[in-house]
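Containing mmCIF, C-alpha atoms: coords-v4.cif.
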```cif
data_run
#
loop_
_atom_site.label_atom_id
_atom_site.label_comp_id
_atom_site.auth_asym_id
_atom_site.auth_seq_id
_atom_site.Cartn_x
_atom_site.Cartn_y
_atom_site.Cartn_z
CA MET A 288 79.94 -110.19 161.74
CA LYS A 289 78.00 -107.27 160.36
CA ARG A 290 78.00 -104.13 162.46
CA VAL A 291 74.65 -102.67 163.51
CA PHE A 292 74.08 -99.24 165.06
CA SER A 293 70.89 -97.61 166.27
CA GLY A 294 69.97 -94.97 168.81
CA ILE A 295 67.07 -93.53 170.73
CA LYS A 296 66.50 -89.89 171.61
CA PRO A 297 65.72 -88.88 175.23
CA THR A 298 63.08 -86.30 174.35
CA GLY A 299 60.28 -88.00 176.27
CA HIS A 300 59.23 -91.17 178.05
CA LEU A 301 59.64 -94.24 175.84
CA THR A 302 56.47 -95.66 174.37
CA LEU A 303 54.94 -98.90 173.16
CA GLY A 304 55.87 -97.73 169.67
CA ASN A 305 59.54 -97.51 170.66
CA TYR A 306 59.38 -101.01 172.11
CA LEU A 307 57.53 -102.79 169.28
CA GLY A 308 59.21 -100.80 166.53
CA ALA A 309 62.79 -100.91 167.81
CA LEU A 310 63.80 -102.08 171.29
CA ARG A 311 62.38 -105.58 171.10
CA GLN A 312 63.97 -106.18 167.71
CA TRP A 313 67.31 -104.99 169.06
CA ALA A 314 67.12 -107.34 172.04
CA GLU A 315 65.66 -110.44 170.39
CA VAL A 316 67.42 -110.30 167.03
CA ASP A 317 70.05 -107.67 166.37
CA GLN A 318 72.36 -108.11 169.36
CA HIS A 319 72.58 -111.84 168.59
CA ARG A 320 73.25 -111.62 164.87
CA ALA A 321 75.72 -108.74 164.67
CA ASP A 322 78.37 -106.63 166.36
CA ALA A 323 75.73 -104.24 167.68
CA LEU A 324 75.89 -100.77 169.24
CA PHE A 325 72.87 -99.08 170.83
CA CYS A 326 73.07 -95.48 171.91
CA VAL A 327 71.09 -92.89 173.85
CA VAL A 328 71.53 -89.97 171.43
CA ASP A 329 71.30 -87.18 173.96
CA LEU A 330 72.90 -84.52 171.72
CA HIS A 331 69.85 -84.77 169.47
CA ALA A 332 67.63 -83.72 172.38
CA LEU A 333 69.23 -80.26 172.34
CA THR A 334 67.81 -79.20 168.96
CA VAL A 335 64.68 -77.71 170.54
CA GLU A 336 63.87 -75.86 173.76
CA HIS A 337 64.53 -78.21 176.66
CA ASP A 338 65.02 -78.47 180.41
CA PRO A 339 68.63 -79.63 181.10
CA ALA A 340 67.65 -81.57 184.22
CA ARG A 341 64.89 -83.36 182.31
CA VAL A 342 67.25 -84.33 179.49
CA ARG A 343 69.66 -85.87 182.01
CA ARG A 344 66.82 -87.69 183.78
CA LEU A 345 65.32 -89.03 180.54
CA SER A 346 68.76 -90.07 179.26
CA ARG A 347 69.31 -92.24 182.30
CA GLN A 348 65.77 -93.60 182.11
CA ALA A 349 66.21 -94.46 178.43
CA ALA A 350 69.49 -96.28 179.12
CA THR A 351 67.84 -98.23 181.93
CA LEU A 352 64.91 -99.18 179.70
CA LEU A 353 67.26 -100.38 176.96
CA LEU A 354 68.74 -102.80 179.46
CA ALA A 355 65.30 -103.69 180.83
CA ALA A 356 64.13 -104.51 177.31
CA GLY A 357 66.80 -107.19 177.11
CA LEU A 358 69.96 -105.60 175.75
CA ASP A 359 72.89 -107.52 177.23
CA PRO A 360 76.22 -105.66 177.57
CA ARG A 361 77.97 -109.01 177.14
CA LEU A 362 76.50 -109.21 173.63
CA CYS A 363 76.30 -105.57 172.54
CA THR A 364 77.57 -102.08 173.34
CA VAL A 365 75.22 -99.72 175.19
CA PHE A 366 76.35 -96.13 175.72
CA VAL A 367 75.44 -92.44 175.71
CA GLN A 368 76.28 -90.39 172.61
CA SER A 369 77.79 -87.37 174.38
CA HIS A 370 80.23 -89.66 176.22
CA VAL A 371 82.03 -90.34 172.92
CA ASP A 372 83.59 -87.20 171.38
CA GLU A 373 83.95 -88.77 167.95
CA HIS A 374 80.27 -88.14 167.16
CA ALA A 375 80.71 -84.36 167.34
CA ARG A 376 84.15 -84.48 165.69
CA LEU A 377 82.81 -86.29 162.64
CA SER A 378 79.61 -84.27 162.44
CA TYR A 379 81.46 -81.09 161.43
CA LEU A 380 83.38 -82.88 158.67
CA LEU A 381 80.11 -84.20 157.26
CA GLU A 382 78.59 -80.72 157.42
CA CYS A 383 81.40 -79.75 155.05
CA VAL A 384 80.16 -82.43 152.63
CA ALA A 385 76.38 -81.99 153.01
CA THR A 386 74.43 -79.23 151.26
CA ASP A 387 71.90 -76.72 152.51
CA GLY A 388 69.32 -78.06 150.08
CA GLU A 389 69.64 -81.60 151.42
CA MET A 390 69.01 -80.41 154.95
CA ARG A 391 65.97 -78.34 154.08
CA ARG A 392 64.37 -81.23 152.20
CA MET A 393 64.37 -83.48 155.26
CA ILE A 394 60.76 -84.22 156.17
CA GLN A 395 61.27 -84.14 159.93
CA TYR A 396 62.96 -80.73 159.71
CA LYS A 397 60.00 -79.32 157.79
CA GLU A 398 57.50 -80.72 160.30
CA LYS A 399 59.39 -79.74 163.46
CA ALA A 400 60.34 -76.29 162.17
CA ALA A 401 56.69 -75.62 161.30
CA ARG A 402 55.60 -76.62 164.83
CA GLU A 403 58.23 -74.36 166.39
CA ARG A 404 57.07 -71.41 164.30
CA GLU A 405 53.44 -72.10 165.20
CA ARG A 406 54.39 -71.90 168.88
CA GLY A 407 56.06 -68.56 168.23
CA GLY A 408 59.53 -69.95 168.90
CA SER A 409 62.70 -69.63 166.87
CA VAL A 410 64.13 -72.57 164.95
CA ARG A 411 67.59 -73.58 166.12
CA LEU A 412 70.30 -74.18 163.56
CA SER A 413 70.92 -77.59 165.13
CA LEU A 414 67.40 -78.65 164.11
CA LEU A 415 68.44 -78.12 160.50
CA THR A 416 71.79 -79.88 160.80
CA TYR A 417 70.98 -82.72 163.19
CA PRO A 418 70.53 -85.25 160.35
CA VAL A 419 74.25 -84.76 159.68
CA LEU A 420 74.99 -85.59 163.32
CA MET A 421 72.81 -88.67 162.88
CA ALA A 422 74.88 -89.62 159.84
CA ALA A 423 78.02 -89.18 161.95
CA ASP A 424 76.53 -91.46 164.62
CA ILE A 425 76.19 -94.16 161.98
CA LEU A 426 79.34 -93.68 159.90
CA ALA A 427 81.75 -93.38 162.84
CA TYR A 428 81.35 -97.10 163.54
CA ALA A 429 81.71 -98.50 160.02
CA THR A 430 78.07 -99.52 160.35
CA ASP A 431 76.59 -102.01 157.88
CA GLU A 432 72.94 -101.89 158.98
CA VAL A 433 70.73 -99.41 160.82
CA PRO A 434 67.47 -100.89 162.21
CA VAL A 435 64.97 -98.02 162.14
CA GLY A 436 61.28 -97.25 161.87
CA ASP A 437 60.07 -96.21 158.44
CA ASP A 438 59.95 -92.54 159.49
CA GLN A 439 63.74 -92.58 159.96
CA ALA A 440 64.63 -94.24 156.67
CA GLN A 441 65.25 -90.85 155.02
CA HIS A 442 68.00 -90.13 157.54
CA VAL A 443 69.77 -93.38 156.71
CA GLU A 444 69.56 -92.47 153.03
CA LEU A 445 71.30 -89.18 153.85
CA ALA A 446 74.06 -91.10 155.68
CA ARG A 447 74.48 -93.27 152.59
CA ASP A 448 74.68 -90.23 150.31
CA LEU A 449 77.25 -88.50 152.50
CA ALA A 450 79.38 -91.63 152.80
CA VAL A 451 79.43 -92.14 149.02
CA ARG A 452 80.21 -88.46 148.37
CA PHE A 453 83.01 -88.37 150.95
CA ASN A 454 84.52 -91.58 149.58
CA GLN A 455 84.44 -90.26 146.01
CA ARG A 456 86.03 -86.92 146.89
CA TYR A 457 88.59 -87.90 149.49
CA GLY A 458 89.21 -91.62 149.12
CA HIS A 459 87.46 -94.63 150.57
CA THR A 460 86.83 -93.88 154.24
CA PHE A 461 83.32 -94.97 155.21
CA VAL A 462 81.22 -98.12 154.95
CA VAL A 463 77.96 -97.29 153.16
CA PRO A 464 75.14 -98.44 155.51
CA LYS A 465 71.61 -99.59 154.77
CA ALA A 466 68.35 -99.32 156.72
CA THR A 467 66.53 -102.42 157.94
CA LEU A 468 62.85 -102.31 158.97
CA PRO A 469 61.06 -104.69 161.36
CA PRO A 470 58.40 -106.82 159.60
CA VAL A 471 55.42 -105.79 161.77
CA ALA A 472 54.55 -102.64 163.71
CA ALA A 473 57.35 -100.63 162.16
CA ARG A 474 55.30 -97.56 163.00
CA VAL A 475 52.81 -97.80 165.86
CA MET A 476 50.22 -95.05 165.63
CA ASN A 477 48.55 -92.91 168.28
CA LEU A 478 45.50 -94.68 169.69
CA GLN A 479 43.45 -91.47 169.57
CA GLU A 480 44.88 -90.15 166.29
CA PRO A 481 45.69 -93.19 164.15
CA ALA A 482 47.01 -90.97 161.36
CA SER A 483 49.82 -89.79 163.69
CA LYS A 484 52.79 -91.68 165.07
CA MET A 485 52.78 -92.68 168.75
CA GLY A 486 55.51 -90.18 169.63
CA LYS A 487 57.42 -89.97 172.91
CA SER A 488 57.95 -86.20 172.59
CA ASP A 489 54.37 -85.54 173.69
CA ASP A 490 54.24 -84.85 177.42
CA PHE A 491 50.83 -86.43 177.83
CA GLY A 492 48.30 -88.17 175.66
CA PRO A 493 45.49 -90.68 176.13
CA GLY A 494 46.53 -92.24 172.84
CA ILE A 495 50.12 -92.93 173.94
CA VAL A 496 51.06 -96.05 175.89
CA TYR A 497 54.26 -95.42 177.84
CA LEU A 498 56.47 -98.35 178.80
CA LEU A 499 56.21 -97.49 182.49
CA ASP A 500 52.41 -97.04 182.51
CA GLU A 501 50.66 -99.19 185.11
CA PRO A 502 48.70 -102.15 183.64
CA ASP A 503 45.33 -100.57 184.47
CA VAL A 504 46.38 -97.39 182.66
CA VAL A 505 47.45 -99.40 179.63
CA ARG A 506 44.10 -101.22 179.49
CA LYS A 507 42.16 -98.00 179.82
CA LYS A 508 44.06 -96.35 176.96
CA VAL A 509 43.64 -99.32 174.63
CA MET A 510 39.95 -99.77 175.44
CA ARG A 511 39.37 -96.09 174.60
CA ALA A 512 41.23 -96.30 171.29
CA VAL A 513 39.57 -94.66 168.30
CA THR A 514 38.22 -97.15 165.78
CA ASP A 515 36.39 -96.52 162.51
CA SER A 516 32.89 -96.34 161.07
CA GLY A 517 31.23 -99.68 160.50
CA ARG A 518 31.25 -102.78 162.68
CA GLU A 519 33.19 -105.33 160.68
CA VAL A 520 36.75 -105.99 161.87
CA VAL A 521 38.92 -105.91 158.74
CA TYR A 522 42.56 -105.01 158.18
CA ASP A 523 42.63 -101.95 155.93
CA ARG A 524 45.44 -99.51 156.75
CA ALA A 525 44.17 -96.81 154.39
CA GLY A 526 40.42 -97.17 154.88
CA ARG A 527 40.24 -98.15 158.56
CA PRO A 528 43.43 -96.89 160.22
CA GLY A 529 42.14 -97.19 163.81
CA VAL A 530 41.31 -100.89 163.56
CA ALA A 531 44.44 -101.55 161.49
CA ASN A 532 46.57 -99.99 164.22
CA LEU A 533 45.02 -102.24 166.89
CA LEU A 534 45.51 -105.32 164.71
CA GLU A 535 49.15 -104.43 164.05
CA ILE A 536 49.79 -103.93 167.76
CA LEU A 537 48.10 -107.25 168.58
CA ALA A 538 50.07 -108.98 165.85
CA ALA A 539 53.35 -107.54 167.10
CA CYS A 540 52.61 -108.64 170.68
CA THR A 541 51.43 -112.15 169.82
CA GLY A 542 53.45 -113.04 166.74
CA GLY A 543 50.44 -113.23 164.43
CA GLU A 544 49.54 -111.52 161.15
CA PRO A 545 47.11 -108.56 161.14
CA GLU A 546 44.95 -109.85 158.31
CA ALA A 547 44.67 -113.36 159.76
CA LEU A 548 43.86 -111.99 163.22
CA SER A 549 41.07 -109.80 161.89
CA ALA A 550 39.06 -112.86 160.88
CA GLY A 551 38.75 -113.96 164.50
CA TYR A 552 36.80 -110.92 165.75
CA ALA A 553 33.14 -110.04 165.44
CA SER A 554 33.35 -106.73 167.31
CA TYR A 555 35.72 -103.90 168.10
CA GLY A 556 35.26 -104.49 171.85
CA GLU A 557 36.68 -108.02 171.65
CA LEU A 558 39.62 -106.79 169.60
CA LYS A 559 40.38 -104.01 172.08
CA LYS A 560 40.22 -106.35 175.08
CA ASP A 561 42.60 -108.88 173.55
CA THR A 562 44.94 -106.13 172.39
CA ALA A 563 45.01 -104.56 175.86
CA ASP A 564 45.78 -107.93 177.48
CA ALA A 565 48.51 -108.62 174.93
CA VAL A 566 50.18 -105.25 175.51
CA VAL A 567 50.13 -105.66 179.30
CA GLU A 568 51.73 -109.12 179.03
CA ALA A 569 54.33 -107.92 176.52
CA LEU A 570 55.43 -105.12 178.87
CA ARG A 571 55.28 -107.11 182.12
CA PRO A 572 58.87 -108.50 182.06
CA LEU A 573 60.28 -105.14 180.96
CA ARG A 574 58.63 -103.33 183.87
CA ALA A 575 59.88 -105.93 186.35
CA ARG A 576 63.45 -105.72 185.07
CA HIS A 577 63.28 -101.92 185.13
CA GLN A 578 62.45 -102.00 188.83
CA GLU A 579 65.45 -104.27 189.49
CA LEU A 580 67.81 -101.96 187.59
CA CYS A 581 66.54 -98.86 189.38
CA ALA A 582 67.47 -100.56 192.65
CA ASP A 583 71.06 -101.00 191.38
CA PRO A 584 72.08 -97.67 189.78
CA GLY A 585 75.77 -98.55 190.00
CA TYR A 586 75.26 -101.35 187.51
CA VAL A 587 73.72 -99.02 184.91
CA GLU A 588 76.54 -96.50 185.38
CA ARG A 589 79.15 -99.22 184.92
CA VAL A 590 77.48 -100.47 181.74
CA LEU A 591 77.43 -96.95 180.27
CA ARG A 592 81.03 -96.23 181.25
CA GLU A 593 82.36 -99.46 179.78
CA GLY A 594 80.12 -99.07 176.73
CA ALA A 595 81.52 -95.62 176.01
CA GLU A 596 85.07 -96.96 176.25
CA LYS A 597 84.29 -99.72 173.75
CA ALA A 598 82.49 -97.33 171.40
CA ARG A 599 85.34 -94.81 171.54
CA ALA A 600 87.87 -97.49 170.63
CA MET A 601 85.79 -98.44 167.58
CA ALA A 602 85.01 -94.91 166.38
CA ARG A 603 88.35 -93.17 166.86
CA PRO A 604 90.27 -94.92 164.04
CA VAL A 605 87.44 -94.23 161.59
CA VAL A 606 87.14 -90.55 162.54
CA ASP A 607 90.91 -90.03 162.61
CA GLY A 608 91.03 -91.52 159.12
CA ALA A 609 88.35 -89.09 157.95
CA TYR A 610 90.34 -86.16 159.36
CA ARG A 611 93.42 -87.26 157.41
CA ALA A 612 91.46 -87.93 154.23
CA ILE A 613 89.77 -84.52 154.14
CA GLY A 614 93.11 -82.72 154.46
CA LEU A 615 93.52 -81.78 158.12
CA LEU A 616 97.00 -81.69 159.62
CA PRO A 617 97.47 -84.51 162.13
CA PRO A 618 98.23 -83.52 165.73
CA LEU A 619 101.96 -82.95 166.22
CA ALA A 620 103.77 -85.08 168.77
CA GLU A 621 105.52 -83.35 171.63
CA PRO A 622 109.31 -83.11 171.00
CA ALA A 623 111.38 -85.45 173.10
CA ALA A 624 112.79 -83.76 176.20
CA GLU A 625 116.59 -83.28 176.18
CA PRO A 626 118.41 -85.09 179.00
CA MET A 627 119.52 -82.83 181.82
CA ALA A 628 123.27 -82.37 182.21
CA GLU A 629 124.72 -83.81 185.39
CA SER A 630 126.08 -81.28 187.88
CA GLY A 631 129.67 -81.31 189.02
CA ALA A 632 133.11 -81.28 187.37
CA GLY A 633 133.67 -83.22 184.18
CA ALA A 634 129.95 -83.41 183.35
CA GLY A 635 129.79 -80.27 181.28
CA ALA A 636 128.17 -78.34 184.13
CA SER A 637 127.42 -74.74 183.30
CA THR A 638 129.72 -72.11 184.76
CA GLU A 639 127.35 -69.24 184.00
CA PRO A 640 126.61 -67.12 187.12
CA GLY A 641 122.88 -67.63 186.74
CA ALA A 642 123.29 -71.36 186.59
CA VAL A 643 125.51 -71.41 189.68
CA ALA A 644 122.96 -69.31 191.53
CA SER A 645 120.17 -71.70 190.55
CA LEU A 646 122.12 -74.73 191.74
CA ASN A 647 122.94 -73.02 195.02
CA ALA A 648 119.30 -72.10 195.50
CA ALA A 649 118.27 -75.67 194.81
CA ARG A 650 120.64 -76.88 197.50
#
```
In structure tokens, write the structure found in this file.
Amino acid sequence: MKRVFSGIKPTGHLTLGNYLGALRQWAEVDQHRADALFCVVDLHALTVEHDPARVRRLSRQAATLLLAAGLDPRLCTVFVQSHVDEHARLSYLLECVATDGEMRRMIQYKEKAARERERGGSVRLSLLTYPVLMAADILAYATDEVPVGDDQAQHVELARDLAVRFNQRYGHTFVVPKATLPPVAARVMNLQEPASKMGKSDDFGPGIVYLLDEPDVVRKKVMRAVTDSGREVVYDRAGRPGVANLLEILAACTGGEPEALSAGYASYGELKKDTADAVVEALRPLRARHQELCADPGYVERVLREGAEKARAMARPVVDGAYRAIGLLPPLAEPAAEPMAESGAGAGASTEPGAVASLNAAR
């Protein structure tokens, strides 16, 4: 079977975009067709200013929502990144292969660094280098495919480049992965700002549907979604991004095609109502399962503990191989302990005064 790896960052409450663009695909397709690993990448949440307690809380919530979305630990491996040391071990080796120019060309670094500077904050070094950690996340597991949204495709390309470069310099060590994109709703946009992604890092937003929003809240947000000038409902991502976003969400929730769906609506109001109903129904089983899991925290802890053990067993041989290939001295085994001489005559017992004193003291 092919091996699939993907992760989600606990930097905010998970959104409809996370579900339609990733989680549902993982649960309905990827865990059934491949040897799949899904990870809460909590180390990535440390690249910007953060509240430690909130990171822990969101990490647990994200893990619970992965299971609520349908990930089955009997079919796949669910774990937390920081519970497996091999991610950090491999990241430094890949930093020794990556270049400064590659890091500074990453689009997300440019955008996030600019926002940090606008706020008057300093940019952490980890924000620059975290794409290398992401590459380590992928390469440590001999991953064949990485299901991602289109905004993350550049990071998978970096992982490919680093794998090829490492293999050429130090011998074949890594599988070269490829990105796979879901066919519809690969990038759900903000309902109030359809030119921007529906991001979970925002603390609040009327244009963001969170997975744990109450149904009435979901309907209100969708009904207030920004549309476009004109009255005709047509699918035009460039010219009418607001309507296109609603059609893509509706298509993702119902299994239709955005263009075909557009022909069935004479007004924006009808489209919004049907989209709101579709989103509520799509999230209903997830919310119910989340409530069940919250009532049984021991189950979630057991899944994460066993998942980390499985992930560690898969990653360690790959990372140990990378350490050998790049030229690091393997850990030295402890020398075997010499057998103790038996006391008493004929057994070679020491006759030194200090030894006699020690034996007497022991008695």
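The two atoms in question, atom CA of His319 of chain A and atom CA of Ala575 of chain A, are spaced 22.6 Å apart.
Once the PyMOL selection byres ((chain A and resi 368) around 7) is applied to the depicted file, the selected set reads Cys326, Val327, Val328, Asp329, Leu330, Phe366, Val367, Ser369, His370 and Val371 of chain A.
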Next on the checklist: Just want the 10 Å neighbourhood of segment 589-596 of chain A, counted on all atoms listed in the file, with same-chain residues fewer than 2 positions away dropped. Output as a ChimeraX atom specification.
Outcome noted: /A:324-327,347,350-351,354,359-361,363-372,584-587,598-601
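Pairwise distance (atom CA of Pro481 of chain A, atom CA of Ala525 of chain A) equals 10.5 Å.
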Checklist entry - What does the distance between atom CA of Thr514 of chain A and atom CA of Ile495 of chain A come to in Å, to one decimal place? => result 15.0 Å
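Near Ala321 of chain A, within 12 Å and counting all atoms listed in the file, sit Met288, Lys289, Arg290, Val291, Phe292, Trp313, Ala314, Glu315, Val316, Leu362, Cys363, Thr364, Thr430, Asp431, Glu432, Val433 and Pro434 of chain A, not including residues fewer than 5 positions from it in the same chain.
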Grab the residues selected above and save them as a compact mmCIF listing (two decimals), in the frame of the given file with C-alpha atoms.
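What landed in out_28.txt:
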```txt
# COMPACT_ATOMS: atom_id res chain seq x y z
CA MET A 288 79.94 -110.19 161.74
CA LYS A 289 78.00 -107.27 160.36
CA ARG A 290 78.00 -104.13 162.46
CA VAL A 291 74.65 -102.67 163.51
CA PHE A 292 74.08 -99.24 165.06
CA TRP A 313 67.31 -104.99 169.06
CA ALA A 314 67.12 -107.34 172.04
CA GLU A 315 65.66 -110.44 170.39
CA VAL A 316 67.42 -110.30 167.03
CA LEU A 362 76.50 -109.21 173.63
CA CYS A 363 76.30 -105.57 172.54
CA THR A 364 77.57 -102.08 173.34
CA THR A 430 78.07 -99.52 160.35
CA ASP A 431 76.59 -102.01 157.88
CA GLU A 432 72.94 -101.89 158.98
CA VAL A 433 70.73 -99.41 160.82
CA PRO A 434 67.47 -100.89 162.21
```
Each segment 289-380 of chain A residue no farther than 12 Å from segment 565-568 of chain A, nearest pair in Å, all atoms listed in the file, as a tab-separated table:
```
residue	atom	partner	partner_atom	distance
A:Thr302	CA	A:Val566	CA	11.5
A:Leu303	CA	A:Val566	CA	8.3
A:Gly304	CA	A:Val566	CA	11.1
A:Tyr306	CA	A:Val566	CA	10.7
A:Leu307	CA	A:Val566	CA	9.9
```
Next on the checklist: Around (69.3, -81.7, 165.0), as given in the file, which residues come within 9 Å? Count only C-alpha atoms and list them as number ranges by chain.
Outcome noted: A: 330-335, 396, 411-421
Next on the checklist: Please expand the PyMOL selection byres ((chain A and resi 609-615) around 10) into the concrete residues it hits in this file, giving the result as a PyMOL selection string.
Outcome noted: chain A and resi 376-377+380-381+383-384+427+453-454+456-461+603-608+616-618
Checklist entry - Mind telling me what the PyMOL selection byres ((chain A and resi 546) around 12) catches here, as a list in words? => result Val471, Val520, Val521, Tyr522, Asp523, Arg524, Val530, Ala531, Asn532, Leu533, Leu534, Glu535, Leu537, Ala538, Gly543, Glu544, Pro545, Ala547, Leu548, Ser549, Ala550, Gly551 and Tyr552 of chain A
Can I get the selected residues back with C-alpha atoms, as a PDB file, keeping the file's coordinate frame?
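Result went into out.pdb, see below:
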```
ATOM      1  CA  VAL A 471      55.420-105.790 161.770  1.00  0.00           C
ATOM      2  CA  VAL A 520      36.750-105.990 161.870  1.00  0.00           C
ATOM      3  CA  VAL A 521      38.920-105.910 158.740  1.00  0.00           C
ATOM      4  CA  TYR A 522      42.560-105.010 158.180  1.00  0.00           C
ATOM      5  CA  ASP A 523      42.630-101.950 155.930  1.00  0.00           C
ATOM      6  CA  ARG A 524      45.440 -99.510 156.750  1.00  0.00           C
ATOM      7  CA  VAL A 530      41.310-100.890 163.560  1.00  0.00           C
ATOM      8  CA  ALA A 531      44.440-101.550 161.490  1.00  0.00           C
ATOM      9  CA  ASN A 532      46.570 -99.990 164.220  1.00  0.00           C
ATOM     10  CA  LEU A 533      45.020-102.240 166.890  1.00  0.00           C
ATOM     11  CA  LEU A 534      45.510-105.320 164.710  1.00  0.00           C
ATOM     12  CA  GLU A 535      49.150-104.430 164.050  1.00  0.00           C
ATOM     13  CA  LEU A 537      48.100-107.250 168.580  1.00  0.00           C
ATOM     14  CA  ALA A 538      50.070-108.980 165.850  1.00  0.00           C
ATOM     15  CA  GLY A 543      50.440-113.230 164.430  1.00  0.00           C
ATOM     16  CA  GLU A 544      49.540-111.520 161.150  1.00  0.00           C
ATOM     17  CA  PRO A 545      47.110-108.560 161.140  1.00  0.00           C
ATOM     18  CA  ALA A 547      44.670-113.360 159.760  1.00  0.00           C
ATOM     19  CA  LEU A 548      43.860-111.990 163.220  1.00  0.00           C
ATOM     20  CA  SER A 549      41.070-109.800 161.890  1.00  0.00           C
ATOM     21  CA  ALA A 550      39.060-112.860 160.880  1.00  0.00           C
ATOM     22  CA  GLY A 551      38.750-113.960 164.500  1.00  0.00           C
ATOM     23  CA  TYR A 552      36.800-110.920 165.750  1.00  0.00           C
TER      24      TYR A 552
END
```
Next on the checklist: Set the distance at 7 Å and use only C-alpha atoms: which residues neighbour His577 of chain A once local chain neighbours fewer than 2 positions away are removed? I'd like the list as a VMD selection string.
Outcome noted: chain A and resid 351 to 352 355 573 to 575 579 to 581
Store the residues of this selection in a file with C-alpha atoms, as an mmCIF file, in the coordinates of the input.
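The result, written out as part28.cif:
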```cif
data_model
loop_
_atom_site.group_PDB
_atom_site.id
_atom_site.type_symbol
_atom_site.label_atom_id
_atom_site.label_comp_id
_atom_site.auth_asym_id
_atom_site.auth_seq_id
_atom_site.Cartn_x
_atom_site.Cartn_y
_atom_site.Cartn_z
ATOM 1 C CA THR A 351 67.840 -98.230 181.930
ATOM 2 C CA LEU A 352 64.910 -99.180 179.700
ATOM 3 C CA ALA A 355 65.300 -103.690 180.830
ATOM 4 C CA LEU A 573 60.280 -105.140 180.960
ATOM 5 C CA ARG A 574 58.630 -103.330 183.870
ATOM 6 C CA ALA A 575 59.880 -105.930 186.350
ATOM 7 C CA GLU A 579 65.450 -104.270 189.490
ATOM 8 C CA LEU A 580 67.810 -101.960 187.590
ATOM 9 C CA CYS A 581 66.540 -98.860 189.380
#
```
Item to check | Top pick for closest residue to Tyr379 of chain A, considering A:Val443, A:Ala309, A:Ala422, A:Val496 and counting all atoms listed in the file | outcome: A:Ala422
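Nearest residue to Gly494 of chain A among A:Val462, A:Val513, A:Leu478, A:Ala349 is A:Leu478, counting only C-alpha atoms.
Nearest residue to Arg447 of chain A among A:Pro464, A:Gly357, A:Pro528, A:Gly486 is A:Pro464, counting all atoms listed in the file.
With only C-alpha atoms as the atoms that count, the residue of A:Thr386, A:Arg391, A:Asp503, A:Cys540 with the shortest distance to Arg452 of chain A is A:Thr386.
Closest approach to Lys507 of chain A among A:Ala482, A:Thr562, A:Gln455, A:Glu403 is made by A:Thr562 (distances from all atoms listed in the file).
Ranking A:Ala423, A:Val451, A:Val342, A:Val435 by their shortest atom-to-atom distance to Asp317 of chain A, with all atoms listed in the file included, puts A:Val435 first.
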